[in-house]
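Have a look at model-v7.csv; it's CSV, C-alpha atoms and all ligand atoms:
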chain,number,residue,atom,x,y,z
A,5,MET,CA,-43.8,-37.9,-44.5
A,6,PHE,CA,-45.4,-35.6,-42.0
A,7,ASN,CA,-43.1,-33.1,-40.1
A,8,ILE,CA,-44.3,-30.7,-37.4
A,9,VAL,CA,-42.5,-28.0,-35.5
A,10,LEU,CA,-43.8,-27.8,-31.9
A,11,PHE,CA,-43.1,-24.3,-30.8
A,12,GLY,CA,-43.5,-22.4,-27.5
A,13,ALA,CA,-41.8,-20.4,-24.8
A,14,PRO,CA,-39.7,-22.2,-22.1
A,15,GLY,CA,-42.2,-24.1,-20.0
A,16,ALA,CA,-45.0,-23.9,-22.5
A,17,GLY,CA,-45.3,-27.7,-22.5
A,18,LYS,CA,-43.4,-28.6,-25.7
A,19,GLY,CA,-41.4,-31.5,-24.2
A,20,THR,CA,-44.5,-32.8,-22.4
A,21,GLN,CA,-46.8,-32.7,-25.4
A,22,ALA,CA,-44.2,-33.7,-28.0
A,23,LEU,CA,-43.8,-37.1,-26.3
A,24,LEU,CA,-47.6,-37.7,-26.3
A,25,LEU,CA,-47.9,-36.6,-30.0
A,26,ALA,CA,-45.0,-38.7,-31.1
A,27,GLU,CA,-46.6,-41.8,-29.5
A,28,LYS,CA,-50.0,-41.2,-30.9
A,29,PHE,CA,-49.0,-40.4,-34.5
A,30,ASP,CA,-45.9,-42.6,-34.6
A,31,LEU,CA,-43.5,-39.8,-35.3
A,32,ILE,CA,-39.8,-39.5,-34.2
A,33,HIS,CA,-39.4,-36.9,-31.4
A,34,LEU,CA,-36.4,-34.7,-31.8
A,35,SER,CA,-35.8,-32.4,-28.9
A,36,THR,CA,-32.6,-30.2,-29.1
A,37,GLY,CA,-32.9,-29.5,-25.3
A,38,ASP,CA,-32.8,-33.3,-24.6
A,39,MET,CA,-29.9,-33.8,-27.0
A,40,LEU,CA,-27.9,-31.0,-25.3
A,41,ARG,CA,-28.7,-32.3,-21.8
A,42,ASN,CA,-27.5,-35.8,-23.0
A,43,GLU,CA,-24.3,-34.3,-24.3
A,44,ILE,CA,-23.7,-32.5,-21.0
A,45,ALA,CA,-24.4,-35.7,-19.0
A,46,SER,CA,-21.9,-37.7,-21.2
A,47,GLY,CA,-19.2,-35.0,-20.5
A,48,SER,CA,-18.5,-34.6,-24.3
A,49,ARG,CA,-16.7,-31.6,-25.6
A,50,LEU,CA,-19.9,-30.3,-27.1
A,51,GLY,CA,-21.7,-30.8,-23.8
A,52,GLN,CA,-19.0,-28.8,-22.0
A,53,GLN,CA,-19.4,-26.0,-24.5
A,54,ALA,CA,-23.2,-26.0,-24.1
A,55,GLN,CA,-23.4,-26.3,-20.3
A,56,ASN,CA,-22.2,-22.8,-19.5
A,57,ILE,CA,-24.6,-21.2,-22.1
A,58,ILE,CA,-27.6,-23.2,-21.0
A,59,SER,CA,-27.1,-22.6,-17.4
A,60,LYS,CA,-27.3,-18.9,-18.0
A,61,GLY,CA,-30.5,-19.3,-20.0
A,62,GLU,CA,-28.9,-18.3,-23.3
A,63,LEU,CA,-29.2,-20.1,-26.7
A,64,VAL,CA,-26.3,-22.3,-28.0
A,65,SER,CA,-25.1,-21.6,-31.5
A,66,ASP,CA,-27.3,-22.2,-34.5
A,67,GLU,CA,-24.6,-24.2,-36.1
A,68,LEU,CA,-24.3,-26.6,-33.2
A,69,VAL,CA,-28.0,-27.4,-33.0
A,70,ILE,CA,-28.4,-27.6,-36.8
A,71,ASN,CA,-25.6,-30.2,-37.0
A,72,MET,CA,-27.3,-32.3,-34.2
A,73,ILE,CA,-30.6,-32.2,-36.0
A,74,ARG,CA,-29.1,-33.1,-39.4
A,75,GLU,CA,-27.4,-36.1,-37.8
A,76,ARG,CA,-30.6,-37.3,-36.0
A,77,ILE,CA,-32.7,-37.0,-39.2
A,78,GLU,CA,-30.2,-39.1,-41.1
A,79,ARG,CA,-30.4,-41.8,-38.4
A,80,HIS,CA,-34.1,-42.4,-39.3
A,81,PRO,CA,-34.4,-42.7,-43.0
A,82,ASP,CA,-37.7,-44.8,-42.7
A,83,ALA,CA,-39.4,-42.4,-40.3
A,84,LYS,CA,-43.1,-41.5,-41.0
A,85,GLY,CA,-42.2,-38.0,-39.8
A,86,PHE,CA,-40.6,-35.9,-37.2
A,87,ILE,CA,-41.7,-33.7,-34.3
A,88,PHE,CA,-39.2,-30.9,-33.8
A,89,ASP,CA,-39.4,-29.9,-30.2
A,90,GLY,CA,-37.6,-26.7,-29.2
A,91,PHE,CA,-36.1,-26.3,-32.7
A,92,PRO,CA,-36.0,-24.0,-34.6
A,93,ARG,CA,-35.4,-21.3,-32.0
A,94,THR,CA,-34.1,-18.6,-34.4
A,95,GLN,CA,-35.0,-17.6,-38.0
A,96,ALA,CA,-31.6,-18.8,-39.1
A,97,GLN,CA,-32.4,-22.2,-37.7
A,98,ALA,CA,-35.8,-22.2,-39.4
A,99,ARG,CA,-34.2,-21.4,-42.8
A,100,GLU,CA,-31.6,-24.1,-42.3
A,101,LEU,CA,-34.2,-26.6,-41.4
A,102,ASP,CA,-36.1,-25.9,-44.6
A,103,ARG,CA,-32.9,-26.2,-46.6
A,104,LEU,CA,-32.0,-29.5,-44.9
A,105,LEU,CA,-35.4,-31.0,-45.4
A,106,GLN,CA,-35.5,-29.8,-49.0
A,107,GLU,CA,-32.3,-31.6,-49.8
A,108,LYS,CA,-34.1,-34.8,-48.7
A,109,ASP,CA,-37.3,-34.0,-50.5
A,110,MET,CA,-39.1,-33.3,-47.2
A,111,LYS,CA,-40.7,-30.2,-45.7
A,112,VAL,CA,-42.3,-28.8,-42.6
A,113,ALA,CA,-46.1,-29.4,-42.8
A,114,ALA,CA,-47.0,-27.1,-39.9
A,115,MET,CA,-45.7,-25.1,-37.0
A,116,VAL,CA,-47.9,-25.6,-33.9
A,117,ALA,CA,-47.4,-23.0,-31.2
A,118,LEU,CA,-48.4,-23.5,-27.6
A,119,GLU,CA,-49.5,-20.2,-26.1
A,120,VAL,CA,-49.0,-19.7,-22.4
A,121,ASP,CA,-48.7,-16.4,-20.5
A,122,PRO,CA,-45.4,-15.4,-18.8
A,123,ALA,CA,-46.7,-15.7,-15.2
A,124,GLU,CA,-47.7,-19.3,-15.8
A,125,LEU,CA,-44.4,-20.1,-17.6
A,126,THR,CA,-42.4,-18.9,-14.6
A,127,CYS,CA,-44.6,-20.8,-12.2
A,128,ARG,CA,-44.2,-24.1,-14.1
A,129,LEU,CA,-40.5,-23.7,-14.5
A,130,MET,CA,-40.0,-22.9,-10.8
A,131,LYS,CA,-42.1,-25.9,-9.9
A,132,ARG,CA,-40.0,-28.1,-12.2
A,133,GLY,CA,-36.8,-26.7,-10.7
A,134,GLU,CA,-37.8,-28.1,-7.3
A,135,SER,CA,-37.3,-31.6,-8.6
A,136,SER,CA,-35.5,-31.6,-12.0
A,137,GLY,CA,-32.1,-30.5,-10.8
A,138,ARG,CA,-31.8,-28.5,-14.1
A,139,PRO,CA,-29.6,-25.4,-13.4
A,140,ASP,CA,-31.7,-23.4,-15.9
A,141,ASP,CA,-34.8,-24.0,-13.8
A,142,ASN,CA,-33.6,-23.1,-10.4
A,143,SER,CA,-33.5,-19.4,-10.3
A,144,ILE,CA,-36.1,-16.7,-11.1
A,145,GLU,CA,-33.4,-14.6,-12.8
A,146,ILE,CA,-32.3,-17.4,-15.2
A,147,ILE,CA,-35.9,-18.2,-16.0
A,148,GLY,CA,-36.6,-14.5,-16.6
A,149,ASN,CA,-33.6,-14.4,-18.9
A,150,ARG,CA,-34.8,-17.5,-20.9
A,151,ILE,CA,-38.2,-15.8,-21.4
A,152,GLU,CA,-36.5,-12.6,-22.4
A,153,VAL,CA,-34.3,-14.5,-24.9
A,154,TYR,CA,-37.4,-16.2,-26.2
A,155,ASN,CA,-39.2,-12.9,-26.8
A,156,ARG,CA,-36.1,-11.3,-28.5
A,157,LYS,CA,-34.6,-14.2,-30.5
A,158,THR,CA,-37.3,-16.9,-30.9
A,159,THR,CA,-40.6,-15.1,-31.4
A,160,PRO,CA,-39.5,-14.0,-34.9
A,161,VAL,CA,-39.8,-17.7,-35.9
A,162,ILE,CA,-43.6,-17.2,-35.7
A,163,GLU,CA,-43.4,-14.6,-38.6
A,164,TYR,CA,-41.2,-17.0,-40.6
A,165,TYR,CA,-43.9,-19.7,-40.5
A,166,ARG,CA,-46.8,-17.3,-40.7
A,167,ALA,CA,-45.5,-16.1,-44.0
A,168,GLN,CA,-45.6,-19.7,-45.2
A,169,GLU,CA,-49.1,-20.1,-43.9
A,170,LYS,CA,-48.0,-22.8,-41.5
A,171,TYR,CA,-48.5,-21.1,-38.2
A,172,HIS,CA,-51.2,-22.7,-35.9
A,173,PRO,CA,-51.5,-21.3,-32.4
A,174,VAL,CA,-53.0,-23.5,-29.7
A,175,ASP,CA,-54.1,-22.6,-26.1
A,176,GLY,CA,-51.4,-24.2,-23.8
A,177,LEU,CA,-53.3,-23.4,-20.6
A,178,GLY,CA,-55.2,-26.0,-18.6
A,179,HIS,CA,-54.6,-29.7,-17.7
A,180,ILE,CA,-51.9,-31.6,-19.7
A,181,LYS,CA,-54.7,-33.9,-20.9
A,182,ASP,CA,-56.8,-31.0,-22.2
A,183,VAL,CA,-53.9,-29.4,-24.1
A,184,SER,CA,-53.1,-32.8,-25.5
A,185,GLN,CA,-56.7,-33.2,-26.8
A,186,ARG,CA,-56.5,-29.8,-28.5
A,187,LEU,CA,-53.2,-30.8,-30.2
A,188,ASN,CA,-54.5,-34.2,-31.3
A,189,LYS,CA,-57.5,-32.6,-32.9
A,190,LEU,CA,-55.4,-30.1,-34.8
A,191,THR,CA,-52.8,-32.7,-35.8
A,192,GLU,CA,-55.4,-35.1,-37.2
A,193,SER,CA,-56.8,-32.3,-39.3
A,194,LEU,CA,-53.3,-31.2,-40.5
A,195,LEU,CA,-52.4,-34.8,-41.2
A,196,SER,CA,-55.5,-35.4,-43.4
A,197,GLN,CA,-54.8,-32.1,-45.3
A,198,SER,CA,-51.2,-33.3,-45.8
A,199,VAL,CA,-52.4,-36.7,-47.1
A,200,ALA,CA,-54.9,-35.0,-49.4
A,201,GLY,CA,-52.4,-32.5,-50.7
B,301,LIG,P1,-35.6,-27.1,-23.8
B,301,LIG,O1,-35.3,-28.4,-23.3
B,301,LIG,O2,-36.3,-26.9,-25.1
B,301,LIG,O3,-36.4,-26.5,-22.6
B,301,LIG,P2,-37.7,-25.7,-22.3
B,301,LIG,O4,-37.8,-24.5,-23.2
B,301,LIG,O5,-37.7,-25.5,-20.8
B,301,LIG,O6,-39.0,-26.6,-22.7
B,301,LIG,P3,-39.4,-28.0,-22.1
B,301,LIG,O7,-39.8,-28.7,-23.3
B,301,LIG,O8,-38.3,-28.6,-21.3
B,301,LIG,O9,-40.5,-27.7,-21.0
B,301,LIG,P4,-42.0,-28.0,-21.1
B,301,LIG,O10,-42.5,-26.7,-21.7
B,301,LIG,O11,-42.4,-29.3,-21.6
B,301,LIG,O12,-34.3,-26.2,-23.9
B,301,LIG,C1,-33.4,-26.0,-22.8
B,301,LIG,C2,-32.2,-25.1,-23.2
B,301,LIG,O13,-31.4,-25.7,-24.2
B,301,LIG,C3,-32.6,-23.7,-23.8
B,301,LIG,O14,-32.9,-22.7,-22.8
B,301,LIG,C4,-31.3,-23.4,-24.6
B,301,LIG,O15,-30.3,-22.9,-23.9
B,301,LIG,C5,-30.9,-24.8,-25.2
B,301,LIG,N1,-31.5,-25.0,-26.5
B,301,LIG,C6,-32.4,-26.0,-26.8
B,301,LIG,N2,-32.8,-26.0,-28.1
B,301,LIG,C7,-32.0,-25.0,-28.7
B,301,LIG,C8,-32.0,-24.4,-30.0
B,301,LIG,N3,-32.7,-24.9,-31.0
B,301,LIG,N4,-31.1,-23.4,-30.2
B,301,LIG,C9,-30.4,-22.9,-29.2
B,301,LIG,N5,-30.4,-23.4,-28.0
B,301,LIG,C10,-31.2,-24.4,-27.7
B,301,LIG,O16,-42.4,-28.2,-19.5
B,301,LIG,C11,-42.1,-27.3,-18.5
B,301,LIG,C12,-42.8,-27.7,-17.2
B,301,LIG,O17,-44.2,-27.4,-17.2
B,301,LIG,C13,-42.7,-29.2,-16.9
B,301,LIG,O18,-42.4,-29.3,-15.5
B,301,LIG,C14,-44.1,-29.7,-17.2
B,301,LIG,O19,-44.4,-30.8,-16.4
B,301,LIG,C15,-44.9,-28.6,-16.9
B,301,LIG,N6,-46.2,-28.5,-17.7
B,301,LIG,C16,-46.2,-28.9,-19.0
B,301,LIG,N7,-47.5,-28.7,-19.5
B,301,LIG,C17,-48.2,-28.3,-18.4
B,301,LIG,C18,-49.6,-27.9,-18.2
B,301,LIG,N8,-50.5,-28.0,-19.2
B,301,LIG,N9,-50.0,-27.5,-17.0
B,301,LIG,C19,-49.1,-27.4,-16.0
B,301,LIG,N10,-47.8,-27.7,-16.1
B,301,LIG,C20,-47.4,-28.1,-17.3
Hey, can you dump this file as C-alpha cells for me?
Amino acid sequence: MFNIVLFGAPGAGKGTQALLLAEKFDLIHLSTGDMLRNEIASGSRLGQQAQNIISKGELVSDELVINMIRERIERHPDAKGFIFDGFPRTQAQARELDRLLQEKDMKVAAMVALEVDPAELTCRLMKRGESSGRPDDNSIEIIGNRIEVYNRKTTPVIEYYRAQEKYHPVDGLGHIKDVSQRLNKLTESLLSQSVAG
C-alpha cells in the first residue's frame, strides 16, 4: 500500500497532476474538491451546505471532509494506494487522516508539495475561471481569499509532515508535462523506498 498526499496552494496543479500520477502508478485518486463539487451538482443537503462556503473561498468543516474521505477509502479495500488531492487542508485533517489510516494498518508514505508563486496561482485560476464556470474561480477577490485562507490555515500542514520527515517540495512552475516528469521521478524513488522499507 502506497499513499501520498499531493499538496499545494489553490491553482498549484494538484488536480491536474493527481490524475496523471494516479494513472501512471495505478493509485486511487481522492479529491475532496471534486467530491464537494459532485455533492453540489447533485443538490444533496451536504452540497447545499458546502456551496455557500466554497463560493466565498473558505474551507468547509474538517468533520465533513474527513467523513467523505473515510467513506471513499472504505469503498476501495483492494487499492494499491491512494493519492489524496486537496486533503488534508488543516492540521486537524492531517491528524485525523493518520488516525484513520492507522486503524486500517495503513499510513501516508509522503507529502509531495507543488510550489508555485502567488502571481502565477492567480493567473492560472483567473484563466480557468473563463471556462470552468466555478464560482470560486471567477473573481479576483475570491481567489485572493482562497490564497489567504491557504496561507493561514493550510500551510501549517507542511510543518506536520516535515516533523514526520515526509515533506517533499517540487517545483510546480513550467509546462504540465515538465511538472509531471518531476513528480514521476520523485514518486518512483519514494515508491522504491517504501517497498524496500
Ligand atoms: P480544490 O478542488 O482542491 O481546488 P483548487 O485548490 O483550486 O485546486 P485544483 O486541484 O482544482 O486546481 P489545479 O491546481 O489542478 O478545492 C476547491 C474548494 O473546495 C476549496 O477552496 C475549499 O472550499 C473546498 N475544499 C476542498 N478540499 C477541502 C478540504 N480538505 N477541507 C476543506 N475544504 C475543502 O489547477 C488550477 C488551474 O491551473 C487549472 O486550470 C489547470 O489547468 C492549470 N494548471 C495546472 N498546472 C499548470 C501548469 N503547470 N501551468 C499552467 N497552468 C496549469
Using only C-alpha atoms and all ligand atoms, find each residue of chain A with at least one atom at most 6 Å away from an atom of ligand LIG 301 (chain B); report its shortest atom-to-atom pair and that distance in Å (one decimal), sort the rows by chain and rising residue number, and return the result as a Markdown table.
| residue | atom | partner | partner_atom | distance |
| --- | --- | --- | --- | --- |
| A:Ala13 | CA | B:LIG301 | O4 | 5.9 |
| A:Pro14 | CA | B:LIG301 | O4 | 3.2 |
| A:Gly15 | CA | B:LIG301 | O10 | 3.1 |
| A:Ala16 | CA | B:LIG301 | O10 | 3.8 |
| A:Gly17 | CA | B:LIG301 | O10 | 3.1 |
| A:Lys18 | CA | B:LIG301 | O11 | 4.3 |
| A:Gly19 | CA | B:LIG301 | O7 | 3.3 |
| A:Thr20 | CA | B:LIG301 | O11 | 4.2 |
| A:Thr36 | CA | B:LIG301 | N2 | 4.3 |
| A:Gly37 | CA | B:LIG301 | O1 | 3.3 |
| A:Asp38 | CA | B:LIG301 | O1 | 5.7 |
| A:Ile58 | CA | B:LIG301 | O15 | 4.0 |
| A:Gly61 | CA | B:LIG301 | O14 | 5.0 |
| A:Glu62 | CA | B:LIG301 | O15 | 4.8 |
| A:Leu63 | CA | B:LIG301 | N5 | 3.7 |
| A:Val64 | CA | B:LIG301 | N5 | 4.2 |
| A:Ser65 | CA | B:LIG301 | C9 | 5.9 |
| A:Asp66 | CA | B:LIG301 | N4 | 5.9 |
| A:Val69 | CA | B:LIG301 | N3 | 5.7 |
| A:Gly90 | CA | B:LIG301 | O2 | 4.3 |
| A:Phe91 | CA | B:LIG301 | N3 | 4.1 |
| A:Pro92 | CA | B:LIG301 | N3 | 5.0 |
| A:Arg93 | CA | B:LIG301 | N3 | 4.6 |
| A:Arg128 | CA | B:LIG301 | O17 | 4.5 |
| A:Leu129 | CA | B:LIG301 | C12 | 5.3 |
| A:Arg132 | CA | B:LIG301 | O18 | 4.3 |
| A:Arg150 | CA | B:LIG301 | O14 | 5.9 |
| A:Leu177 | CA | B:LIG301 | N8 | 5.6 |
| A:Gly178 | CA | B:LIG301 | N8 | 5.1 |
| A:His179 | CA | B:LIG301 | N8 | 4.7 |
| A:Ile180 | CA | B:LIG301 | N8 | 3.9 |
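Restricting the calculation to only C-alpha atoms, the smallest distance between Gln197 in chain A and any of A:Ser143, A:Arg74, A:Ala113, A:Ser136 is found for A:Ala113.
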In Å, rounded to a single decimal, give me how far CA of Phe11 in chain A is from CA of Thr126 in chain A.
-> 17.1 Å
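Among the candidates A:Ser59, A:Asn7, A:Gln52, A:Ser46, the one nearest to Asp140 in chain A when counting all atoms listed in the file is A:Ser59.
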Need the axis-aligned box for range 162-178 of chain A with 5 Å each side, so what are the centre and edges in Å to one decimal, as JSON?
{"center_x": -48.2, "center_y": -20.3, "center_z": -31.9, "size_x": 24.0, "size_y": 21.4, "size_z": 36.6}
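The residue that comes closest to Ala167 in chain A, out of A:Met115, A:Leu101, A:Ala96, A:Ile87 and on the basis of only C-alpha atoms, is A:Met115.
Reported to one decimal place, the separation of CA of Val174 in chain A from CA of Cys127 in chain A is 19.6 Å.
Nearest-residue note for Ile146 in chain A: choosing from A:His172, A:Lys60, A:Arg99, A:Lys131, the minimum distance belongs to A:Lys60, counting all atoms listed in the file.
Across A:Phe6, A:Tyr171, A:Tyr154, A:Tyr164, the tightest approach to Val199 in chain A is made by A:Phe6 when counting only C-alpha atoms.
Take CA of Thr191 in chain A and CA of Lys170 in chain A: the distance between them is 12.4 Å.
Restricting the calculation to all atoms listed in the file, the smallest distance between Leu31 in chain A and any of A:Gly12, A:Gly47, A:Pro139, A:Gly85 is found for A:Gly85.
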So which residues are close to (-50.7, -28.3, -33.8), meaning at most 12 Å away in the file's coordinates with only C-alpha atoms counted, and can you show them as a ChimeraX atom specification?
-> /A:7-12,18,21-22,25,87-89,113-119,170-176,183-195
Selection above as a file: C-alpha atoms, as a PDB file, in the coordinates of the input:
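That gives us out.pdb:
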ATOM      1  CA  ASN A   7     -43.100 -33.100 -40.100  1.00  0.00           C
ATOM      2  CA  ILE A   8     -44.300 -30.700 -37.400  1.00  0.00           C
ATOM      3  CA  VAL A   9     -42.500 -28.000 -35.500  1.00  0.00           C
ATOM      4  CA  LEU A  10     -43.800 -27.800 -31.900  1.00  0.00           C
ATOM      5  CA  PHE A  11     -43.100 -24.300 -30.800  1.00  0.00           C
ATOM      6  CA  GLY A  12     -43.500 -22.400 -27.500  1.00  0.00           C
ATOM      7  CA  LYS A  18     -43.400 -28.600 -25.700  1.00  0.00           C
ATOM      8  CA  GLN A  21     -46.800 -32.700 -25.400  1.00  0.00           C
ATOM      9  CA  ALA A  22     -44.200 -33.700 -28.000  1.00  0.00           C
ATOM     10  CA  LEU A  25     -47.900 -36.600 -30.000  1.00  0.00           C
ATOM     11  CA  ILE A  87     -41.700 -33.700 -34.300  1.00  0.00           C
ATOM     12  CA  PHE A  88     -39.200 -30.900 -33.800  1.00  0.00           C
ATOM     13  CA  ASP A  89     -39.400 -29.900 -30.200  1.00  0.00           C
ATOM     14  CA  ALA A 113     -46.100 -29.400 -42.800  1.00  0.00           C
ATOM     15  CA  ALA A 114     -47.000 -27.100 -39.900  1.00  0.00           C
ATOM     16  CA  MET A 115     -45.700 -25.100 -37.000  1.00  0.00           C
ATOM     17  CA  VAL A 116     -47.900 -25.600 -33.900  1.00  0.00           C
ATOM     18  CA  ALA A 117     -47.400 -23.000 -31.200  1.00  0.00           C
ATOM     19  CA  LEU A 118     -48.400 -23.500 -27.600  1.00  0.00           C
ATOM     20  CA  GLU A 119     -49.500 -20.200 -26.100  1.00  0.00           C
ATOM     21  CA  LYS A 170     -48.000 -22.800 -41.500  1.00  0.00           C
ATOM     22  CA  TYR A 171     -48.500 -21.100 -38.200  1.00  0.00           C
ATOM     23  CA  HIS A 172     -51.200 -22.700 -35.900  1.00  0.00           C
ATOM     24  CA  PRO A 173     -51.500 -21.300 -32.400  1.00  0.00           C
ATOM     25  CA  VAL A 174     -53.000 -23.500 -29.700  1.00  0.00           C
ATOM     26  CA  ASP A 175     -54.100 -22.600 -26.100  1.00  0.00           C
ATOM     27  CA  GLY A 176     -51.400 -24.200 -23.800  1.00  0.00           C
ATOM     28  CA  VAL A 183     -53.900 -29.400 -24.100  1.00  0.00           C
ATOM     29  CA  SER A 184     -53.100 -32.800 -25.500  1.00  0.00           C
ATOM     30  CA  GLN A 185     -56.700 -33.200 -26.800  1.00  0.00           C
ATOM     31  CA  ARG A 186     -56.500 -29.800 -28.500  1.00  0.00           C
ATOM     32  CA  LEU A 187     -53.200 -30.800 -30.200  1.00  0.00           C
ATOM     33  CA  ASN A 188     -54.500 -34.200 -31.300  1.00  0.00           C
ATOM     34  CA  LYS A 189     -57.500 -32.600 -32.900  1.00  0.00           C
ATOM     35  CA  LEU A 190     -55.400 -30.100 -34.800  1.00  0.00           C
ATOM     36  CA  THR A 191     -52.800 -32.700 -35.800  1.00  0.00           C
ATOM     37  CA  GLU A 192     -55.400 -35.100 -37.200  1.00  0.00           C
ATOM     38  CA  SER A 193     -56.800 -32.300 -39.300  1.00  0.00           C
ATOM     39  CA  LEU A 194     -53.300 -31.200 -40.500  1.00  0.00           C
ATOM     40  CA  LEU A 195     -52.400 -34.800 -41.200  1.00  0.00           C
TER      41      LEU A 195
END
Regenerate range 167-179 of chain A at the level of N, CA and C atoms and dump it as a tab-separated table (two decimals), in the coordinates of the input.
chain	number	residue	atom	x	y	z
A	167	ALA	N	-45.62	-16.47	-42.62
A	167	ALA	CA	-45.50	-16.10	-44.00
A	167	ALA	C	-45.65	-17.30	-44.95
A	168	GLN	N	-45.39	-18.48	-44.43
A	168	GLN	CA	-45.60	-19.70	-45.20
A	168	GLN	C	-46.97	-20.32	-45.00
A	169	GLU	N	-47.79	-19.60	-44.24
A	169	GLU	CA	-49.10	-20.10	-43.90
A	169	GLU	C	-49.10	-21.44	-43.14
A	170	LYS	N	-48.11	-21.57	-42.27
A	170	LYS	CA	-48.00	-22.80	-41.50
A	170	LYS	C	-48.11	-22.65	-40.02
A	171	TYR	N	-48.45	-21.44	-39.60
A	171	TYR	CA	-48.50	-21.10	-38.20
A	171	TYR	C	-49.87	-21.45	-37.58
A	172	HIS	N	-49.89	-22.30	-36.53
A	172	HIS	CA	-51.20	-22.70	-35.90
A	172	HIS	C	-51.05	-22.55	-34.40
A	173	PRO	N	-51.57	-21.45	-33.84
A	173	PRO	CA	-51.50	-21.30	-32.40
A	173	PRO	C	-52.52	-22.19	-31.67
A	174	VAL	N	-52.12	-22.68	-30.49
A	174	VAL	CA	-53.00	-23.50	-29.70
A	174	VAL	C	-52.90	-23.07	-28.23
A	175	ASP	N	-54.04	-23.02	-27.55
A	175	ASP	CA	-54.10	-22.60	-26.10
A	175	ASP	C	-53.33	-23.67	-25.30
A	176	GLY	N	-52.25	-23.27	-24.64
A	176	GLY	CA	-51.40	-24.20	-23.80
A	176	GLY	C	-51.81	-24.22	-22.37
A	177	LEU	N	-52.89	-23.50	-22.00
A	177	LEU	CA	-53.30	-23.40	-20.60
A	177	LEU	C	-54.25	-24.58	-20.27
A	178	GLY	N	-54.26	-24.98	-19.01
A	178	GLY	CA	-55.20	-26.00	-18.60
A	178	GLY	C	-54.43	-27.33	-18.31
A	179	HIS	N	-55.18	-28.39	-18.05
A	179	HIS	CA	-54.60	-29.70	-17.70
A	179	HIS	C	-53.80	-30.23	-18.93
